[in-house]
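One file, protein.pdb, is given below (PDB, C-alpha atoms).
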ATOM      1  CA  ASP A 140     154.481 -82.875  54.562
ATOM      2  CA  VAL A 141     151.361 -84.004  52.700
ATOM      3  CA  TRP A 142     152.181 -81.831  49.694
ATOM      4  CA  SER A 143     155.746 -83.173  49.569
ATOM      5  CA  ASP A 144     154.520 -86.771  49.811
ATOM      6  CA  VAL A 145     151.979 -86.365  47.024
ATOM      7  CA  LEU A 146     154.395 -84.447  44.810
ATOM      8  CA  THR A 147     157.023 -87.175  45.226
ATOM      9  CA  ASP A 148     154.510 -89.863  44.272
ATOM     10  CA  TYR A 149     152.751 -88.145  41.377
ATOM     11  CA  GLU A 150     154.758 -85.230  39.943
ATOM     12  CA  ASN A 151     155.713 -87.164  36.813
ATOM     13  CA  GLU A 152     152.290 -88.723  36.354
ATOM     14  CA  PHE A 153     149.719 -85.948  36.798
ATOM     15  CA  GLU A 154     149.182 -82.310  35.927
ATOM     16  CA  MET A 155     149.246 -79.709  38.690
ATOM     17  CA  ASP A 156     145.456 -79.598  39.125
ATOM     18  CA  GLN A 157     145.347 -83.364  39.701
ATOM     19  CA  ILE A 158     148.194 -83.139  42.208
ATOM     20  CA  ILE A 159     146.256 -80.466  44.126
ATOM     21  CA  ILE A 160     143.139 -82.656  44.188
ATOM     22  CA  LYS A 161     145.131 -85.659  45.410
ATOM     23  CA  THR A 162     146.732 -83.497  48.117
ATOM     24  CA  PHE A 163     143.318 -82.432  49.390
ATOM     25  CA  GLU A 164     142.173 -86.051  49.404
ATOM     26  CA  GLU A 165     145.264 -87.150  51.322
ATOM     27  CA  ILE A 166     144.819 -84.399  53.931
ATOM     28  CA  ASP A 167     141.249 -85.572  54.468
ATOM     29  CA  ASN A 168     142.416 -89.196  54.713
ATOM     30  CA  ARG A 169     145.032 -88.357  57.338
ATOM     31  CA  LEU A 170     142.577 -86.254  59.324
ATOM     32  CA  PHE A 171     140.096 -89.135  59.334
ATOM     33  CA  GLN A 172     142.707 -91.617  60.536
ATOM     34  CA  HIS A 173     143.984 -89.222  63.201
ATOM     35  CA  LEU A 174     140.532 -88.634  64.652
ATOM     36  CA  LEU A 175     139.715 -92.316  64.486
ATOM     37  CA  ASN A 176     142.964 -93.351  66.193
ATOM     38  CA  GLU A 177     142.954 -90.629  68.828
ATOM     39  CA  GLN A 178     139.208 -90.762  69.530
ATOM     40  CA  GLU A 179     139.115 -87.000  69.871
ATOM     41  CA  THR A 180     135.428 -86.725  70.617
ATOM     42  CA  ASP A 181     135.455 -82.920  70.756
ATOM     43  CA  TYR A 182     136.343 -82.687  67.069
ATOM     44  CA  ASN A 183     135.097 -85.856  65.414
ATOM     45  CA  GLN A 184     132.191 -84.123  63.681
ATOM     46  CA  ASP A 185     133.837 -80.794  62.852
ATOM     47  CA  GLY A 186     135.363 -79.601  59.622
ATOM     48  CA  THR A 187     137.106 -76.701  57.939
ATOM     49  CA  THR A 188     137.133 -74.962  54.577
ATOM     50  CA  ALA A 189     140.257 -73.896  52.688
ATOM     51  CA  VAL A 190     141.666 -71.741  49.929
ATOM     52  CA  ILE A 191     145.201 -72.049  48.565
ATOM     53  CA  LEU A 192     147.293 -70.253  45.977
ATOM     54  CA  PHE A 193     150.296 -71.413  43.949
ATOM     55  CA  LYS A 194     152.471 -68.928  42.091
ATOM     56  CA  ASP A 195     153.943 -70.384  38.915
ATOM     57  CA  GLN A 196     156.640 -67.768  38.384
ATOM     58  CA  LYS A 197     158.188 -69.630  35.442
ATOM     59  CA  ASN A 198     154.993 -69.520  33.358
ATOM     60  CA  ASN A 199     153.639 -66.350  34.996
ATOM     61  CA  GLN A 200     150.373 -67.935  36.061
ATOM     62  CA  LEU A 201     148.396 -68.640  39.232
ATOM     63  CA  TYR A 202     146.665 -71.759  40.533
ATOM     64  CA  ILE A 203     143.814 -71.141  42.979
ATOM     65  CA  ALA A 204     142.040 -73.994  44.761
ATOM     66  CA  ASN A 205     139.067 -73.336  47.021
ATOM     67  CA  LEU A 206     136.995 -75.639  49.181
ATOM     68  CA  GLY A 207     133.846 -74.351  50.895
ATOM     69  CA  ASP A 208     133.436 -70.658  51.689
ATOM     70  CA  SER A 209     137.009 -69.458  52.150
ATOM     71  CA  ARG A 210     137.798 -67.117  49.266
ATOM     72  CA  CYS A 211     140.537 -65.731  47.099
ATOM     73  CA  LEU A 212     140.092 -62.150  45.911
ATOM     74  CA  ILE A 213     142.562 -60.802  43.331
ATOM     75  CA  MET A 214     142.746 -57.113  42.518
ATOM     76  CA  GLN A 215     144.915 -54.711  40.571
ATOM     77  CA  GLY A 216     144.700 -51.117  41.654
ATOM     78  CA  ASN A 217     140.986 -50.491  42.219
ATOM     79  CA  LYS A 218     139.850 -53.231  39.850
ATOM     80  CA  LYS A 219     138.688 -56.735  40.743
ATOM     81  CA  ILE A 220     140.478 -59.304  38.576
ATOM     82  CA  PHE A 221     139.049 -62.503  40.057
ATOM     83  CA  MET A 222     137.153 -63.913  43.037
ATOM     84  CA  THR A 223     136.334 -67.535  43.860
ATOM     85  CA  THR A 224     132.760 -68.733  44.282
ATOM     86  CA  ASP A 225     131.664 -70.279  47.590
ATOM     87  CA  HIS A 226     130.482 -73.891  47.699
ATOM     88  CA  LYS A 227     127.024 -73.658  49.235
ATOM     89  CA  PRO A 228     124.387 -76.436  49.335
ATOM     90  CA  ASP A 229     121.809 -74.315  47.515
ATOM     91  CA  ASN A 230     124.140 -73.512  44.584
ATOM     92  CA  GLU A 231     122.624 -75.260  41.585
ATOM     93  CA  LYS A 232     125.592 -77.528  40.843
ATOM     94  CA  GLU A 233     126.104 -78.432  44.504
ATOM     95  CA  LYS A 234     122.397 -78.965  45.093
ATOM     96  CA  GLU A 235     122.157 -81.338  42.139
ATOM     97  CA  ARG A 236     125.064 -83.431  43.485
ATOM     98  CA  ILE A 237     123.694 -83.580  47.045
ATOM     99  CA  LEU A 238     120.174 -84.541  45.991
ATOM    100  CA  ALA A 239     121.506 -87.183  43.574
ATOM    101  CA  ALA A 240     123.339 -88.793  46.518
ATOM    102  CA  GLY A 241     120.114 -88.986  48.498
ATOM    103  CA  GLY A 242     120.675 -85.981  50.722
ATOM    104  CA  LYS A 243     118.308 -83.152  51.539
ATOM    105  CA  ILE A 244     118.712 -79.392  51.798
ATOM    106  CA  SER A 245     116.687 -77.451  54.337
ATOM    107  CA  GLY A 246     114.867 -74.224  53.633
ATOM    108  CA  ASP A 247     117.738 -72.184  55.067
ATOM    109  CA  GLY A 248     120.218 -73.819  52.661
ATOM    110  CA  ARG A 249     121.823 -76.402  54.958
ATOM    111  CA  ILE A 250     122.635 -80.065  54.295
ATOM    112  CA  LEU A 251     120.202 -82.081  56.429
ATOM    113  CA  GLY A 252     119.460 -78.842  58.245
ATOM    114  CA  THR A 253     122.975 -78.645  59.728
ATOM    115  CA  LEU A 254     125.912 -77.624  57.488
ATOM    116  CA  ASN A 255     125.837 -74.556  55.226
ATOM    117  CA  VAL A 256     128.876 -75.464  53.097
ATOM    118  CA  SER A 257     128.995 -78.345  50.643
ATOM    119  CA  ARG A 258     132.760 -78.960  50.393
ATOM    120  CA  SER A 259     135.213 -79.197  53.285
ATOM    121  CA  PHE A 260     137.900 -81.104  55.119
ATOM    122  CA  GLY A 261     136.411 -83.257  57.875
ATOM    123  CA  ASP A 262     132.638 -83.199  58.508
ATOM    124  CA  PHE A 263     132.853 -86.983  58.250
ATOM    125  CA  CYS A 264     129.325 -87.437  59.535
ATOM    126  CA  LEU A 265     128.241 -86.269  56.076
ATOM    127  CA  LYS A 266     130.737 -88.440  54.195
ATOM    128  CA  GLN A 267     130.342 -92.124  53.416
ATOM    129  CA  ARG A 268     133.274 -93.469  55.383
ATOM    130  CA  GLY A 269     132.182 -91.565  58.458
ATOM    131  CA  GLN A 270     128.664 -92.913  58.308
ATOM    132  CA  VAL A 271     129.778 -96.531  58.682
ATOM    133  CA  SER A 272     131.418 -95.637  61.992
ATOM    134  CA  LYS A 273     129.178 -94.766  64.951
ATOM    135  CA  TYR A 274     132.071 -92.658  66.210
ATOM    136  CA  PHE A 275     131.649 -90.267  63.267
ATOM    137  CA  GLY A 276     127.915 -90.789  62.770
ATOM    138  CA  LEU A 277     125.323 -88.064  62.859
ATOM    139  CA  ASN A 278     123.998 -87.391  66.337
ATOM    140  CA  LYS A 279     121.530 -85.126  68.116
ATOM    141  CA  ARG A 280     123.936 -82.250  67.595
ATOM    142  CA  HIS A 281     123.417 -82.456  63.844
ATOM    143  CA  VAL A 282     119.915 -83.711  63.090
ATOM    144  CA  LYS A 283     116.702 -83.909  65.061
ATOM    145  CA  GLU A 284     113.981 -86.487  64.974
ATOM    146  CA  GLU A 285     110.766 -85.545  63.221
ATOM    147  CA  LYS A 286     107.674 -85.564  65.453
ATOM    148  CA  HIS A 287     103.972 -85.708  64.660
ATOM    149  CA  PRO A 288     102.664 -82.122  64.998
ATOM    150  CA  GLU A 289      99.623 -83.189  67.045
ATOM    151  CA  THR A 290     100.633 -86.230  69.076
ATOM    152  CA  GLY A 291     104.322 -85.489  69.467
ATOM    153  CA  GLU A 292     105.094 -89.081  68.451
ATOM    154  CA  ILE A 293     108.442 -89.607  66.734
ATOM    155  CA  ILE A 294     107.693 -90.541  63.140
ATOM    156  CA  ASN A 295     111.216 -90.316  61.726
ATOM    157  CA  ASP A 296     114.410 -90.778  63.731
ATOM    158  CA  PRO A 297     117.540 -90.391  61.554
ATOM    159  CA  ILE A 298     119.781 -91.333  64.481
ATOM    160  CA  GLU A 299     118.100 -94.687  64.950
ATOM    161  CA  MET A 300     118.205 -95.294  61.211
ATOM    162  CA  ILE A 301     121.956 -94.601  61.109
ATOM    163  CA  GLU A 302     122.705 -96.777  64.143
ATOM    164  CA  LYS A 303     120.879 -99.739  62.591
ATOM    165  CA  SER A 304     122.556 -99.338  59.212
ATOM    166  CA  GLU A 305     125.734-101.238  58.374
ATOM    167  CA  LYS A 306     126.361 -99.252  55.212
ATOM    168  CA  PRO A 307     126.370 -95.533  54.355
ATOM    169  CA  MET A 308     122.962 -93.881  54.137
ATOM    170  CA  PHE A 309     123.870 -92.006  50.985
ATOM    171  CA  ALA A 310     125.081 -92.978  47.531
ATOM    172  CA  ALA A 311     128.013 -90.552  47.732
ATOM    173  CA  ASP A 312     129.532 -87.992  50.095
ATOM    174  CA  LEU A 313     127.111 -85.152  50.772
ATOM    175  CA  VAL A 314     130.117 -82.962  51.583
ATOM    176  CA  SER A 315     132.806 -83.165  48.908
ATOM    177  CA  ILE A 316     136.560 -82.992  49.405
ATOM    178  CA  GLU A 317     137.254 -81.997  45.772
ATOM    179  CA  PRO A 318     138.494 -78.404  45.462
ATOM    180  CA  GLU A 319     137.516 -76.113  42.628
ATOM    181  CA  ILE A 320     140.674 -75.190  40.735
ATOM    182  CA  THR A 321     141.166 -72.067  38.653
ATOM    183  CA  VAL A 322     144.221 -71.251  36.552
ATOM    184  CA  LEU A 323     144.830 -67.587  35.728
ATOM    185  CA  ARG A 324     147.369 -66.818  33.009
ATOM    186  CA  ASN A 325     149.204 -63.611  32.184
ATOM    187  CA  ASN A 326     147.968 -61.835  29.016
ATOM    188  CA  GLU A 327     144.842 -63.995  29.117
ATOM    189  CA  HIS A 328     143.346 -63.110  32.507
ATOM    190  CA  PHE A 329     145.635 -60.332  33.715
ATOM    191  CA  ASP A 330     148.668 -58.211  32.882
ATOM    192  CA  ASN A 331     151.114 -57.753  35.754
ATOM    193  CA  SER A 332     153.965 -56.308  33.716
ATOM    194  CA  LYS A 333     153.466 -52.754  35.051
ATOM    195  CA  GLU A 334     151.530 -53.221  38.285
ATOM    196  CA  PRO A 335     151.490 -56.316  40.540
ATOM    197  CA  LEU A 336     148.350 -58.182  41.464
ATOM    198  CA  VAL A 337     147.278 -57.858  45.093
ATOM    199  CA  ILE A 338     145.886 -61.148  46.405
ATOM    200  CA  LEU A 339     143.696 -61.621  49.470
ATOM    201  CA  LEU A 340     143.011 -65.073  50.945
ATOM    202  CA  ALA A 341     140.421 -65.012  53.718
ATOM    203  CA  CYS A 342     137.773 -67.114  55.435
ATOM    204  CA  ASP A 343     134.058 -66.401  55.703
ATOM    205  CA  GLY A 344     134.448 -64.127  58.719
ATOM    206  CA  VAL A 345     135.586 -61.473  56.247
ATOM    207  CA  PHE A 346     133.165 -62.187  53.435
ATOM    208  CA  ASP A 347     130.158 -62.481  55.739
ATOM    209  CA  VAL A 348     130.376 -58.694  56.031
ATOM    210  CA  PHE A 349     131.592 -57.993  52.491
ATOM    211  CA  LYS A 350     128.899 -59.686  50.432
ATOM    212  CA  THR A 351     127.526 -57.429  47.730
ATOM    213  CA  ASP A 352     129.360 -56.109  44.687
ATOM    214  CA  ASP A 353     129.453 -52.657  46.269
ATOM    215  CA  GLN A 354     130.899 -54.070  49.502
ATOM    216  CA  ILE A 355     133.562 -56.011  47.580
ATOM    217  CA  GLN A 356     134.497 -52.850  45.714
ATOM    218  CA  TYR A 357     134.706 -50.996  49.032
ATOM    219  CA  LEU A 358     137.043 -53.719  50.314
ATOM    220  CA  ILE A 359     139.255 -53.382  47.220
ATOM    221  CA  ASP A 360     139.387 -49.583  47.580
ATOM    222  CA  PHE A 361     140.063 -49.966  51.309
ATOM    223  CA  ILE A 362     143.010 -52.323  50.702
ATOM    224  CA  ASN A 363     144.389 -50.121  47.921
ATOM    225  CA  GLN A 364     144.326 -47.098  50.206
ATOM    226  CA  GLU A 365     145.829 -48.900  53.204
ATOM    227  CA  MET A 366     148.763 -50.158  51.132
ATOM    228  CA  LYS A 367     149.749 -46.569  50.372
ATOM    229  CA  ILE A 368     150.184 -45.663  54.036
ATOM    230  CA  LYS A 369     153.833 -45.872  55.090
ATOM    231  CA  ILE A 370     153.344 -46.973  58.705
ATOM    232  CA  TYR A 371     154.858 -50.360  59.476
ATOM    233  CA  ASP A 372     155.423 -52.845  62.237
ATOM    234  CA  GLN A 373     159.137 -52.214  62.739
ATOM    235  CA  THR A 374     159.900 -55.799  63.765
ATOM    236  CA  ILE A 375     158.369 -57.173  60.573
ATOM    237  CA  LEU A 376     159.968 -54.411  58.496
ATOM    238  CA  GLN A 377     163.455 -55.203  59.776
ATOM    239  CA  LYS A 378     163.029 -58.962  59.529
ATOM    240  CA  TYR A 379     161.160 -59.344  56.231
ATOM    241  CA  GLY A 380     161.391 -56.051  54.383
ATOM    242  CA  GLU A 381     158.989 -53.367  53.205
ATOM    243  CA  GLU A 382     156.777 -55.491  50.931
ATOM    244  CA  VAL A 383     155.856 -57.941  53.681
ATOM    245  CA  ALA A 384     155.384 -55.088  56.169
ATOM    246  CA  VAL A 385     152.929 -53.368  53.802
ATOM    247  CA  LEU A 386     150.964 -56.568  53.242
ATOM    248  CA  ASN A 387     150.951 -57.386  56.950
ATOM    249  CA  ARG A 388     149.536 -53.988  57.808
ATOM    250  CA  ALA A 389     146.846 -54.190  55.108
ATOM    251  CA  ALA A 390     145.821 -57.700  56.196
ATOM    252  CA  ARG A 391     145.475 -56.567  59.808
ATOM    253  CA  LYS A 392     143.393 -53.586  58.713
ATOM    254  CA  VAL A 393     141.050 -55.928  56.790
ATOM    255  CA  MET A 394     140.684 -58.050  59.923
ATOM    256  CA  HIS A 395     139.878 -55.031  62.104
ATOM    257  CA  GLU A 396     137.464 -53.612  59.523
ATOM    258  CA  SER A 397     135.609 -56.954  59.518
ATOM    259  CA  PHE A 398     135.383 -56.903  63.312
ATOM    260  CA  ASP A 399     134.140 -53.310  63.186
ATOM    261  CA  ARG A 400     131.382 -54.454  60.833
ATOM    262  CA  ASP A 401     130.267 -56.948  63.518
ATOM    263  CA  SER A 402     131.560 -60.124  61.899
ATOM    264  CA  SER A 403     130.708 -62.966  64.281
ATOM    265  CA  ASP A 404     132.733 -65.737  62.632
ATOM    266  CA  ASN A 405     136.405 -66.709  62.572
ATOM    267  CA  ILE A 406     138.601 -64.255  60.708
ATOM    268  CA  SER A 407     141.817 -65.329  58.973
ATOM    269  CA  VAL A 408     143.524 -63.091  56.416
ATOM    270  CA  LEU A 409     146.597 -63.615  54.231
ATOM    271  CA  MET A 410     147.873 -61.262  51.553
ATOM    272  CA  THR A 411     150.530 -61.490  48.877
ATOM    273  CA  LEU A 412     151.623 -59.889  45.589
ATOM    274  CA  PHE A 413     152.185 -61.359  42.150
ATOM    275  CA  GLY A 414     154.175 -59.494  39.555
TER     276      GLY A 414
END

Just give me the structure of the file as structure tokens.
Amino acid sequence: DVWSDVLTDYENEFEMDQIIIKTFEEIDNRLFQHLLNEQETDYNQDGTTAVILFKDQKNNQLYIANLGDSRCLIMQGNKKIFMTTDHKPDNEKEKERILAAGGKISGDGRILGTLNVSRSFGDFCLKQRGQVSKYFGLNKRHVKEEKHPETGEIINDPIEMIEKSEKPMFAADLVSIEPEITVLRNNEHFDNSKEPLVILLACDGVFDVFKTDDQIQYLIDFINQEMKIKIYDQTILQKYGEEVAVLNRAARKVMHESFDRDSSDNISVLMTLFG
């Protein structure tokens, strides 16, 4: 619905990358209003990352937009063609933006010692509009007061400072809603005329256990091998055909392999082909 609304309003005015950015902004706006109207206290300080893919079949190109630490991995055979970069607070570009807004990054790479991604939907306690509402404000769950090491006296209480403030604490959002957009074009970034691209979209539960270059290559080889095995879910095969059945099986195998490697985070996996 959000995509359709934005496309209707802006398709003749903006390029695709700008439409994607405006869609992300509108999703965040609607989430903010929903939480504010419903007073859903269990979720008012949570957030989520995202990665999306658009296939431009007409021009034979791909649009990838990522926000936070969900990733897109594109491969062809046993070769990595492209992989998005996570948005982490200690990345140089992200760090510069956060510090310029008046934020701080803890020694373990978290914004104000709490969040270890620097772009997301939600997380309004680290965005300007959330900070002017006590409902979304930072609380003891997110930041702790600083105490004198000898006397135990509270010398800095961020919660009290926020509650007394009638304006945002920071000059800009510490957590950004702007996605990073990449456009991959045939004959410039890839050639899918003979062999299709295999595309994996997954959250950090997968990439927490596939971190290094060697582990990513193992994942690519693993997917390539699994897609050659002709064992399918018969319901999916009959309903959607062989291509979807192959991708479904490979995606499930990636999920199980991540669990087997003791991933402790959420695991979501989507796979598709291009070419």

So what do you get for CA of Val408 in chain A versus CA of Ser209 in chain A, distance-wise? 10.1 Å

Just the residues within 7 Å of Val256 in chain A, please, counting only C-alpha atoms, with nothing from its chain fewer than 6 positions along; format it as a list of chain:residue names.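 Those residues are A:Gly207, A:Asp208, A:His226, A:Lys227, A:Pro228.
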
Expected file contents, prior selection, C-alpha atoms, as a short mmCIF file (atom, residue, chain, number, x, y, z; two decimals), in the frame of the given file:
data_model
loop_
_atom_site.label_atom_id
_atom_site.label_comp_id
_atom_site.auth_asym_id
_atom_site.auth_seq_id
_atom_site.Cartn_x
_atom_site.Cartn_y
_atom_site.Cartn_z
CA GLY A 207 133.85 -74.35 50.90
CA ASP A 208 133.44 -70.66 51.69
CA HIS A 226 130.48 -73.89 47.70
CA LYS A 227 127.02 -73.66 49.24
CA PRO A 228 124.39 -76.44 49.34
#

List the residues matched by the PyMOL selection byres ((chain A and resi 233) around 12) in the displayed structure as a ChimeraX atom specification, ordered by chain and then by residue number. /A:207,224-232,234-240,242-244,248-250,255-258,312-315,317,319

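CA of Ala189 in chain A is positioned 12.0 Å from CA of Ile320 in chain A.
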
Please identify all polymer residues within 12 Å of Gln373 in chain A, counting only C-alpha atoms, omitting same-chain residues fewer than 3 positions from it, and present them as a PyMOL selection string. chain A and resi 369-370+376-381+383-385+387-388

Could the residues in this selection be written to a file with C-alpha atoms, as an mmCIF file, in the frame of the given file?
data_model
loop_
_atom_site.group_PDB
_atom_site.id
_atom_site.type_symbol
_atom_site.label_atom_id
_atom_site.label_comp_id
_atom_site.auth_asym_id
_atom_site.auth_seq_id
_atom_site.Cartn_x
_atom_site.Cartn_y
_atom_site.Cartn_z
ATOM 1 C CA LYS A 369 153.833 -45.872 55.090
ATOM 2 C CA ILE A 370 153.344 -46.973 58.705
ATOM 3 C CA LEU A 376 159.968 -54.411 58.496
ATOM 4 C CA GLN A 377 163.455 -55.203 59.776
ATOM 5 C CA LYS A 378 163.029 -58.962 59.529
ATOM 6 C CA TYR A 379 161.160 -59.344 56.231
ATOM 7 C CA GLY A 380 161.391 -56.051 54.383
ATOM 8 C CA GLU A 381 158.989 -53.367 53.205
ATOM 9 C CA VAL A 383 155.856 -57.941 53.681
ATOM 10 C CA ALA A 384 155.384 -55.088 56.169
ATOM 11 C CA VAL A 385 152.929 -53.368 53.802
ATOM 12 C CA ASN A 387 150.951 -57.386 56.950
ATOM 13 C CA ARG A 388 149.536 -53.988 57.808
#

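Between CA of Glu334 in chain A and CA of Gly216 in chain A lies a distance of 7.9 Å.
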
I'd like to see the residues matched by the PyMOL selection byres ((chain A and resi 400) around 12) on this file, and ideally I'd get them as a list of chain:residue names.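 Those residues are A:Gly344, A:Val345, A:Phe346, A:Asp347, A:Val348, A:Phe349, A:Lys350, A:Gln354, A:Leu358, A:Val393, A:Met394, A:His395, A:Glu396, A:Ser397, A:Phe398, A:Asp399, A:Asp401, A:Ser402, A:Ser403, A:Asp404.
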
Taking the file as shown, what set of residues would the PyMOL selection byres ((chain A and resi 364) around 12) give back, as a count of residues only? 20

Looking at A:Ile166, A:Leu175, A:Val322, A:Ile213, which one is nearest to Gln200 in chain A, with distances taken over all atoms listed in the file?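 Of A:Ile166, A:Leu175, A:Val322, A:Ile213, the one nearest Gln200 in chain A, counting all atoms listed in the file, is A:Val322.
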
Hey, could you pull the box centre and edge lengths for range 321-332 of chain A, axis-aligned, 8 Å padding per side, all listed atoms, to one decimal in Å, as JSON?
{"center_x": 147.6, "center_y": -64.2, "center_z": 33.8, "size_x": 28.8, "size_y": 31.8, "size_z": 25.6}

Shortest interatomic distance to Gly269 in chain A - which of A:Ile159, A:Cys342, A:Met308, A:Val145, counting only C-alpha atoms: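 For Gly269 in chain A, the nearest of the given residues is A:Met308.
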
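Proximity to Lys333 in chain A was assessed for A:Gly246, A:Phe413, A:Phe171, A:Glu165 counting all atoms listed in the file; the smallest distance is recorded for A:Phe413.
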
Counting all atoms listed in the file, figure out which residue out of A:Thr351, A:Gln196, A:Gln184, A:Asn331 gets nearest to Lys266 in chain A.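 Closest residue, counting all atoms listed in the file: A:Gln184.
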
Tell me which residues come within 8 Å of (149.7, -72.4, 44.5), as a PyMOL selection string, counting all atoms listed in the file in the file's coordinates. chain A and resi 191-195+201-204

Find, counting all atoms listed in the file, the residue in A:Thr253, A:Gln267, A:Ser332, A:Gln157 that gets nearest to Gly241 in chain A.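 Ranked by minimum distance to Gly241 in chain A, first place goes to A:Gln267.
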